[in-house]
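Asker: Provided herewith is a single structure, encoded as structure tokens, for subsequent inquiry.
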Amino acid sequence: MKLSPDTLAILKNFAVIQPNLMFRSGSEIKTIAEAKNIIAKATITETIPQDFGIYDVSDFLSSLSLFTDPTFDFSTDGKSVKLSEGKSSLKYYFSDEASLTYPQKDITMPPTDASFVLTADVLKNLLRATSLLSVSTVSVENSSDGVSISVKDAKNSTSNSYSTEVEGNSNGHTFKFHFDISNFKILPGDYDVSISGKLISHFKHKTLPIEYWIALEKSSTYEA
């Protein structure tokens with residue numbers, strides 16, 4: 001087995017959300033933040049032959065950097081994997097499942113109360129704006145044109161702010177949904193985003209088989 005560039009990018013992203021990763025046999029991988037406010041799921045092109053756990057994904061990926069395109073050979077006892085390329089090899093031992101943090105069950109998204117398209121450019125500008133303005137809150141609000149996204153201090157009405165209108169649907173609701181920008185640990189790209197008034201959101205990448213569920217801040221408000 002070998003790992004594609006897309007799978008490596010997904011693993012690097014997952015390592016930012018949670019250092020641990022529990023692989024299950026098949027082609028689906030999942031992770032969850034320690035605070036349980038971010039869950040991510042992806043379908044990879046490879047088929048994992050067995051269940052195994054990695055305690056530090058970043059450390060595991062660093063091991064891969066010793067090779068250009070290594071082959072993965074799993075041990076018959078299921079306790080390790082051998083990375084090999086040419087005359088070089090590395091044996092990497094797995095971690096016990098009990099020592100890892102991983103999603104115990106799939107999340108069921110409540111009915112959608114608002115939705116919008118988050119493009120790669122808008123995402124990039126939001127990240128820049130939070131840095132330039134030294135604020136951490138991203139607000140999603142209903143507007144006359146549908147949905148508006150802004151960066152501002154939600155506790156200070158006179159704070160500097162950045163905003164942009166996006167393609168979306170407020171479904172006739174009035175809301176101010178707040179995100180902490182530090183929870184936007186998502187891969188670059190365009191996303192279809194749905195939000196529930198129960199303070200949970202779903203980000204689905206438009207071109208990669210990856211999706212995220214991100215909790216909203218409790219300061220969010222919603223009126224049906």
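Residue numbering restarts at 1 in every chain; chains get A, B, ... in the order shown in the structure tokens, and ligands count up from 1 in that same order.
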Report as an MDAnalysis selection string: the residues of segment 34-222 of chain A with a DSSP assignment of strand (DSSP E or B), based on the backbone of this structure.
Answerer: chainID A and resid 38:48 52:54 71:74 80:85 88:93 95 114:118 137:143 146:151 162:166 168:169 174:180 191:196 200:205 210:215 221:222
Asker: Please provide as a PyMOL selection string all residues within 10 Å of segment 158-168 of chain A, with the sequence filter that same-chain residues fewer than 5 positions apart are discarded (counting only C-alpha atoms).
Answerer: chain A and resi 114-119+122+125-126+129-130+133-135+138-153+192-194
Asker: Rank A:Ile32, A:Ala15, A:Ala215, A:Leu199 by their smallest atom-to-atom distance to Ser182 of chain A, using only C-alpha atoms, and report the top residue only.
Answerer: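 So, comparing all the options, the nearest one is A:Ala215.
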Asker: Considering only C-alpha atoms, give me a table of residues in segment 87-191 of chain A that are at most 7 Å from segment 49-54 of chain A, with the closest atom pair and distance in Å for each, as CSV.
Answerer:
```
residue,atom,partner,partner_atom,distance
A:Phe94,CA,A:Gly53,CA,5.4
A:Ser95,CA,A:Gly53,CA,5.0
A:Asp96,CA,A:Gly53,CA,6.4
A:Glu97,CA,A:Gly53,CA,6.0
```
Asker: Name the residues of segment 40-71 of chain A that come out as helix (DSSP H, G or I) in a backbone DSSP run; write them as an NGL selection string.
Answerer: :A and (57-64)
Asker: Output N, CA, C and O atoms for every residue in that selection, as a short mmCIF file (atom, residue, chain, number, x, y, z; two decimals), in the first residue's frame.
Answerer:
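Heads up, here's the output in selection01.cif:
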```cif
data_model
loop_
_atom_site.label_atom_id
_atom_site.label_comp_id
_atom_site.auth_asym_id
_atom_site.auth_seq_id
_atom_site.Cartn_x
_atom_site.Cartn_y
_atom_site.Cartn_z
N VAL A 57 0.34 11.70 14.96
CA VAL A 57 0.28 11.66 13.49
C VAL A 57 1.40 12.50 12.87
O VAL A 57 1.99 12.12 11.86
N SER A 58 1.71 13.64 13.47
CA SER A 58 2.78 14.49 12.94
C SER A 58 4.11 13.76 12.98
O SER A 58 4.92 13.85 12.04
N ASP A 59 4.35 13.01 14.05
CA ASP A 59 5.58 12.22 14.17
C ASP A 59 5.61 11.13 13.10
O ASP A 59 6.64 10.88 12.47
N PHE A 60 4.46 10.52 12.88
CA PHE A 60 4.35 9.48 11.86
C PHE A 60 4.64 10.05 10.47
O PHE A 60 5.38 9.47 9.68
N LEU A 61 4.08 11.22 10.18
CA LEU A 61 4.31 11.85 8.88
C LEU A 61 5.76 12.28 8.72
O LEU A 61 6.31 12.24 7.61
N SER A 62 6.38 12.70 9.81
CA SER A 62 7.80 13.06 9.75
C SER A 62 8.64 11.85 9.37
O SER A 62 9.64 11.97 8.64
N SER A 63 8.23 10.67 9.86
CA SER A 63 8.94 9.44 9.51
C SER A 63 8.86 9.18 8.01
O SER A 63 9.81 8.68 7.40
N LEU A 64 7.72 9.54 7.41
CA LEU A 64 7.55 9.33 5.98
C LEU A 64 8.53 10.19 5.17
O LEU A 64 8.87 9.85 4.03
#
```
Asker: Which residue is closest to Lys36 of chain A? Choose from A:Pro103, A:Pro188, A:Pro19, A:Gly78 and count only C-alpha atoms.
Answerer: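 Once distances to Lys36 of chain A are computed over only C-alpha atoms, the minimum belongs to A:Pro103.
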Asker: Would you list the contacts of Lys79 of chain A as a PyMOL selection string, taking every protein, DNA or RNA residue within 7 Å and counting only C-alpha atoms, but skipping same-chain residues closer than 2 positions in sequence?
Answerer: chain A and resi 75+77+93-94
Asker: Have a look at atom CA of Ala120 of chain A and atom CA of Asn20 of chain A and let me know their distance in Å, one decimal.
Answerer: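 Result for atom CA of Ala120 of chain A versus atom CA of Asn20 of chain A: 27.3 Å, one decimal.
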Asker: Under the rule that only C-alpha atoms are counted, which of A:Ile29, A:Ile38, A:Leu90, A:Ile48 is the nearest residue to Tyr212 of chain A?
Answerer: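 Ranking A:Ile29, A:Ile38, A:Leu90, A:Ile48 by distance to Tyr212 of chain A, first place goes to A:Ile38.
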Asker: Compare A:Glu28, A:Ser4, A:Met22, A:Gly197 by their minimum atom-to-atom distance to Thr112 of chain A, counting only C-alpha atoms, and give me the closest one.
Answerer: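 Of all the options, A:Gly197 lies closest to Thr112 of chain A.
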Asker: Would you compute the distance between atom CA of His202 of chain A and atom CA of Lys124 of chain A? Give it in Å to one decimal.
Answerer: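 So the two atoms, atom CA of His202 of chain A and atom CA of Lys124 of chain A, lie 18.5 Å apart.
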